[in-house]
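Peer 1: Take a look at the following structure, please.
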Amino acid sequence: MNILWYLAVTVVCAPLLGAITVGLLNKKLSRSLAHWITCSLMLVCFGASSSILVGFLIGKFNTVDIDLYVWGNTSNLSIAVGFLLDRLSALMIAIVSFVSLVVHVYSIGYMHDDPGYQRFFCYISLFTFGMLMLVMANNFAQLFFGWEAVGLMSYLLIGFWYKKEAANFASLKAFLINRIGDMGFVLGIAAVLYYFNSLHFKTVFAQISTLVATNPMLAITNTVQWPAISFICICLFIGAMAKSAQIPLHVWLPDSMEGPTPISALIHAATMVTAGIFMVARMSPLYEYSETALTLMLIIGSLTCLFMAILAIVQTDIKRIIAYSTLSQLGYMVVALGASAYAAGIFHLVTHACFKALLFLGAGAAILAVHHDQNIFKMGNLHKYMPITAVTMLIGNLALLGFPGTSGFYSKDLIIASVRNSSLTFSTIAYYIILFTVLITTFYAARLMLVAFRTQERMAEDVREHLHEPRKVIWVPLIILAIPSLFLGMIMITSILNQFFGDAIFVLPAHDTVAMFKTQDFHGWFSMWLHGFVSLPFVCILMGMCLAWLCYEKYPALPGIIQNDAKLMTRILLAKFGFDDFNEKIIMPATRKLGNYCWQIGDVLCIDGIMVNGTANSVGRVAGVLKHAQTGYLYHYIFIIVAGLLALLVWTMFL
Amino acid sequence: MQNYIIFSTLLFAIGIAGLFINRKNIIILLMCLEIILLAVNTNFIIFAKAWGDIAGQAIVFFVMTVAAAESAIGLALVVLIFRDKHSISVDQLNQLNG
């Protein structure tokens, strides 16, 4: 039991303690006490997790894998609660607790007048606990626990304003779609248990080479057989698809914007949705041996990346624009995983956590300023009234589109270069798709900035009079997040390329696209920065910026003309490619019909009708016949007795 | 010996027939029960005499005492039934029917 162990326990227990205290005492606590308790405990958590990360960076700590407590035991399976601390989980807990701390502080300002103030702080602390359990897990069972815990908290927080019908709908949608993913995830875990006879990461990873050597086949149908490793990887990836919102299970994320803005920043941008990315990176020793799963990830990731970015163009709700950009950025991360550039994926996850939290919190500040109106066409020229918000939003957007020098540039460029180096079948197409997406990303990011923060003032007169910079507790977190959004990339890029994750991430030498980038193209962060100005992505950025400038600054009538001329395209985009319609018109009625059928046949007819009421009814019916034997006349009874006696006599004497 | 057995069987048959046929009077019912018991007692005595075993005769005394107690209880019940229904007709005692 060394100091690392104590730090790890502190990291997990601090937010849990805060959540329990505030959650149980709820309204008995004053508002200020509620946020003081949770924020200070989050600070403790952040302190512990950042010291773990620093300890790993300076080489004081080494990878540990300890079981704290055996939760359950059967003959061939032991489920433990334990921590696996290596450089991957150390980085993850640091970024999770950092964003969570900032969001806690920001919420003090944003949720100021909300009646559910204490409940809110309880939920976000509990969410942080779940996420930390997930990233520190050393076995599949605990990973699944964290996975479900964050899913539950996401449900509760999307539906935080439970009196809003749209919020209830969105929270249920998120929950149900995550159930679909969970089905895949549970199947994957079951397959792991079947083939490896253990749920421990260490044991499982140690046996992979044996499994690959024997390469058992799993019969999907009588004729179709899959390699077991691909089956496991694809099942686990289906779980990741729901959690990390990849096509076609992405539909819940845009709707989740019904929750309070700090939640969108914390859960639906920075941390929870990245759980799938983290999980795949953690499982890299499995995924490396399944090119099928890697190719699938390339396809799904690049499709999500492109199509979700296109949708962001037509959205007018500021939070939904950012939500679609989150989907698109998650697509980048999945593409990186598909190209075996796990390190690049996690790197983009970290930078994205910073700049996307910044964007959401900045959007929240703008929404507060214009009295909870989220339409960007009712904002306009906000930079005059709230310069700090405008500048930090600009930084966030530059990082989002990968402007050379910002943190997003380093991570996104690394992903693009890795995909170019990949030798999988689909990688060339994926490379061009994600390159083209840079253009679209730039276009919608610039549109957001131009429409909301520059050009004409379109808000109502009474709103304009009250426009001002938000409270200090809101803009300070923006600045705290803007700093890593700008500088994190140049600080981290060199160490990421120099085997930052050590043995936590396993890559086959033939797949090692990140190392290829390092040996071929990398000459230090500064030359990468300079090279960024002459690369293809930068051309895309410039084109996107010019387009946005033309459409929204120079000729503001242009978007309207395009919309009128290309009616079909506009309709498709506004219908979000019909995913929602497909779900609501086909899947939902079909499911409902199936459910109705099961209810009528299985429940009402079989269980209620035949089993429960049937038993009672048949007893009654039999009794109804038999009761006629009970005449109540004594002589009938005596006759039966004597006749019986005689029958008995005859039987014993003559038979 | 044979005649004695025929006698007791007849007694028993009379008692049973009384139980079946009588539908008017509970007291007759009780008397029929006594006749059945008498038939049983006669049987005891006959076989005790035939096999030279005194135990059969001794049991008769037990049966007689128990029969006395039983008819006392039975008559008490009849009195209560009469108070309740103002009738001792067996036909009216059919409240146990289903």
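Identifiers for the structure tokens are assigned positionally: chains receive A, B, ... in sequence, residues are indexed from 1 per chain, and ligands are indexed from 1 in the order shown.
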Please list as a short mmCIF file (atom, residue, chain, number, x, y, z; two decimals) with C-alpha atoms, in the first residue's frame every residue within 10 Å of Leu75 of chain B, counting only C-alpha atoms and excluding residues in the same chain fewer than 5 positions away.

Peer 2:
```
data_model
loop_
_atom_site.label_atom_id
_atom_site.label_comp_id
_atom_site.auth_asym_id
_atom_site.auth_seq_id
_atom_site.Cartn_x
_atom_site.Cartn_y
_atom_site.Cartn_z
CA ILE B 26 -83.87 -35.89 15.26
CA ILE B 27 -84.76 -37.79 18.40
CA LEU B 30 -80.57 -40.58 18.12
CA ALA B 69 -72.70 -39.64 27.49
CA GLU B 70 -73.15 -39.34 23.75
CA LEU B 80 -80.58 -26.10 21.37
CA ILE B 81 -81.64 -26.79 17.77
#
```

Peer 1: Got a sec to pull out which chain A residues are within 6 Å of chain B, counting only C-alpha atoms, and send them as a ChimeraX atom specification?

Peer 2: /A:627-628,630-633,635

Peer 1: Would you mind exporting C-alpha atoms of the selected residues as a short mmCIF file (atom, residue, chain, number, x, y, z; two decimals), in the first residue's frame?

Peer 2:
```
data_model
loop_
_atom_site.label_atom_id
_atom_site.label_comp_id
_atom_site.auth_asym_id
_atom_site.auth_seq_id
_atom_site.Cartn_x
_atom_site.Cartn_y
_atom_site.Cartn_z
CA LYS A 627 -70.32 -28.62 -4.24
CA HIS A 628 -73.53 -30.27 -5.45
CA GLN A 630 -72.82 -31.42 -0.37
CA THR A 631 -76.58 -31.58 0.07
CA GLY A 632 -76.53 -30.84 3.77
CA TYR A 633 -78.85 -33.80 4.51
CA TYR A 635 -79.04 -39.23 5.62
#
```

Peer 1: Counting only C-alpha atoms, what is within 7 Å of segment 12-18 of chain A, bar same-chain residues fewer than 6 positions away, as a ChimeraX atom specification?

Peer 2: /A:37-38,41-42,44-45,125-126,128-129,132-133

Peer 1: Excluding segment 408-411 of chain A and residues on its chain fewer than 2 positions from it, collect all residues at most 10 Å away from it, counting only C-alpha atoms, and give them as a PyMOL selection string.

Peer 2: chain A and resi 332-333+343-352+354-355+396-406+413-417+485-493+496+525+528-529+532+537-538

Peer 1: Excluding segment 45-54 of chain B and its own-chain neighbours fewer than 2 positions away, which residues fall within 12 Å of it when counting only C-alpha atoms? Please give them as an mmCIF file with C-alpha atoms, in the first residue's frame.

Peer 2:
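New file out_27.cif:
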```
data_model
loop_
_atom_site.group_PDB
_atom_site.id
_atom_site.type_symbol
_atom_site.label_atom_id
_atom_site.label_comp_id
_atom_site.auth_asym_id
_atom_site.auth_seq_id
_atom_site.Cartn_x
_atom_site.Cartn_y
_atom_site.Cartn_z
ATOM 1 C CA MET B 1 -74.864 -68.824 17.759
ATOM 2 C CA GLN B 2 -76.000 -68.316 14.195
ATOM 3 C CA ASN B 3 -79.356 -66.993 15.379
ATOM 4 C CA TYR B 4 -77.667 -64.505 17.662
ATOM 5 C CA ILE B 5 -75.607 -63.143 14.826
ATOM 6 C CA ILE B 6 -78.660 -62.845 12.603
ATOM 7 C CA PHE B 7 -80.402 -61.013 15.444
ATOM 8 C CA SER B 8 -77.615 -58.491 15.867
ATOM 9 C CA THR B 9 -77.340 -57.948 12.113
ATOM 10 C CA LEU B 38 -76.939 -52.188 20.807
ATOM 11 C CA ALA B 39 -76.290 -54.342 17.770
ATOM 12 C CA VAL B 40 -72.582 -53.811 18.264
ATOM 13 C CA ASN B 41 -72.858 -54.644 21.936
ATOM 14 C CA THR B 42 -74.776 -57.827 21.166
ATOM 15 C CA ASN B 43 -72.022 -58.834 18.778
ATOM 16 C CA GLY B 56 -65.547 -58.609 24.992
ATOM 17 C CA GLN B 57 -68.073 -58.439 27.809
ATOM 18 C CA ALA B 58 -65.986 -55.818 29.589
ATOM 19 C CA ILE B 59 -65.904 -53.583 26.523
ATOM 20 C CA VAL B 60 -69.698 -53.614 26.389
ATOM 21 C CA PHE B 61 -69.748 -51.663 29.646
ATOM 22 C CA VAL B 63 -69.637 -48.762 25.101
#
```

Peer 1: Using only C-alpha atoms, which residue out of A:Glu469, A:Ile505, A:Leu193, A:Asp113 lies closest to Val370 of chain A?

Peer 2: A:Glu469

Peer 1: In Å, how far is it from atom CA of Val66 of chain B to atom CA of Gly15 of chain B?

Peer 2: 17.9 Å

Peer 1: What does the distance between atom CA of Ile20 of chain A and atom CA of Leu152 of chain A come to in Å, to one decimal place?

Peer 2: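 About the pair atom CA of Ile20 of chain A and atom CA of Leu152 of chain A: they are 15.9 Å apart.
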
Peer 1: Give me the residues near Ile14 of chain B as a PDB file with N, CA and C atoms, in the first residue's frame, where near means some atom within 8 Å (using only C-alpha atoms) and where sequence neighbours in that chain fewer than 5 positions away do not count.

Peer 2:
```pdb
ATOM      1  N   CYS B  32     -82.036 -44.398  16.759  1.00  0.00           N
ATOM      2  CA  CYS B  32     -81.473 -45.328  15.790  1.00  0.00           C
ATOM      3  C   CYS B  32     -80.009 -45.559  16.065  1.00  0.00           C
ATOM      4  N   ILE B  35     -79.728 -47.968  18.739  1.00  0.00           N
ATOM      5  CA  ILE B  35     -79.994 -49.340  18.281  1.00  0.00           C
ATOM      6  C   ILE B  35     -78.751 -49.904  17.620  1.00  0.00           C
ATOM      7  N   ILE B  36     -78.062 -49.062  16.814  1.00  0.00           N
ATOM      8  CA  ILE B  36     -76.841 -49.542  16.164  1.00  0.00           C
ATOM      9  C   ILE B  36     -75.828 -49.956  17.218  1.00  0.00           C
TER      10      ILE B  36
END
```

Peer 1: Excluding Ile263 of chain A and its own-chain neighbours fewer than 3 positions away, which residues fall within 9 Å of it when counting only C-alpha atoms? Please give them as a PyMOL selection string.

Peer 2: chain A and resi 103+124+154+157-158+257+259-260+266-269

Peer 1: Between atom CA of Trp36 of chain A and atom CA of Gly82 of chain A, what is the distance, to one decimal in Å?

Peer 2: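 Distance reported for this atom pair: 29.5 Å.
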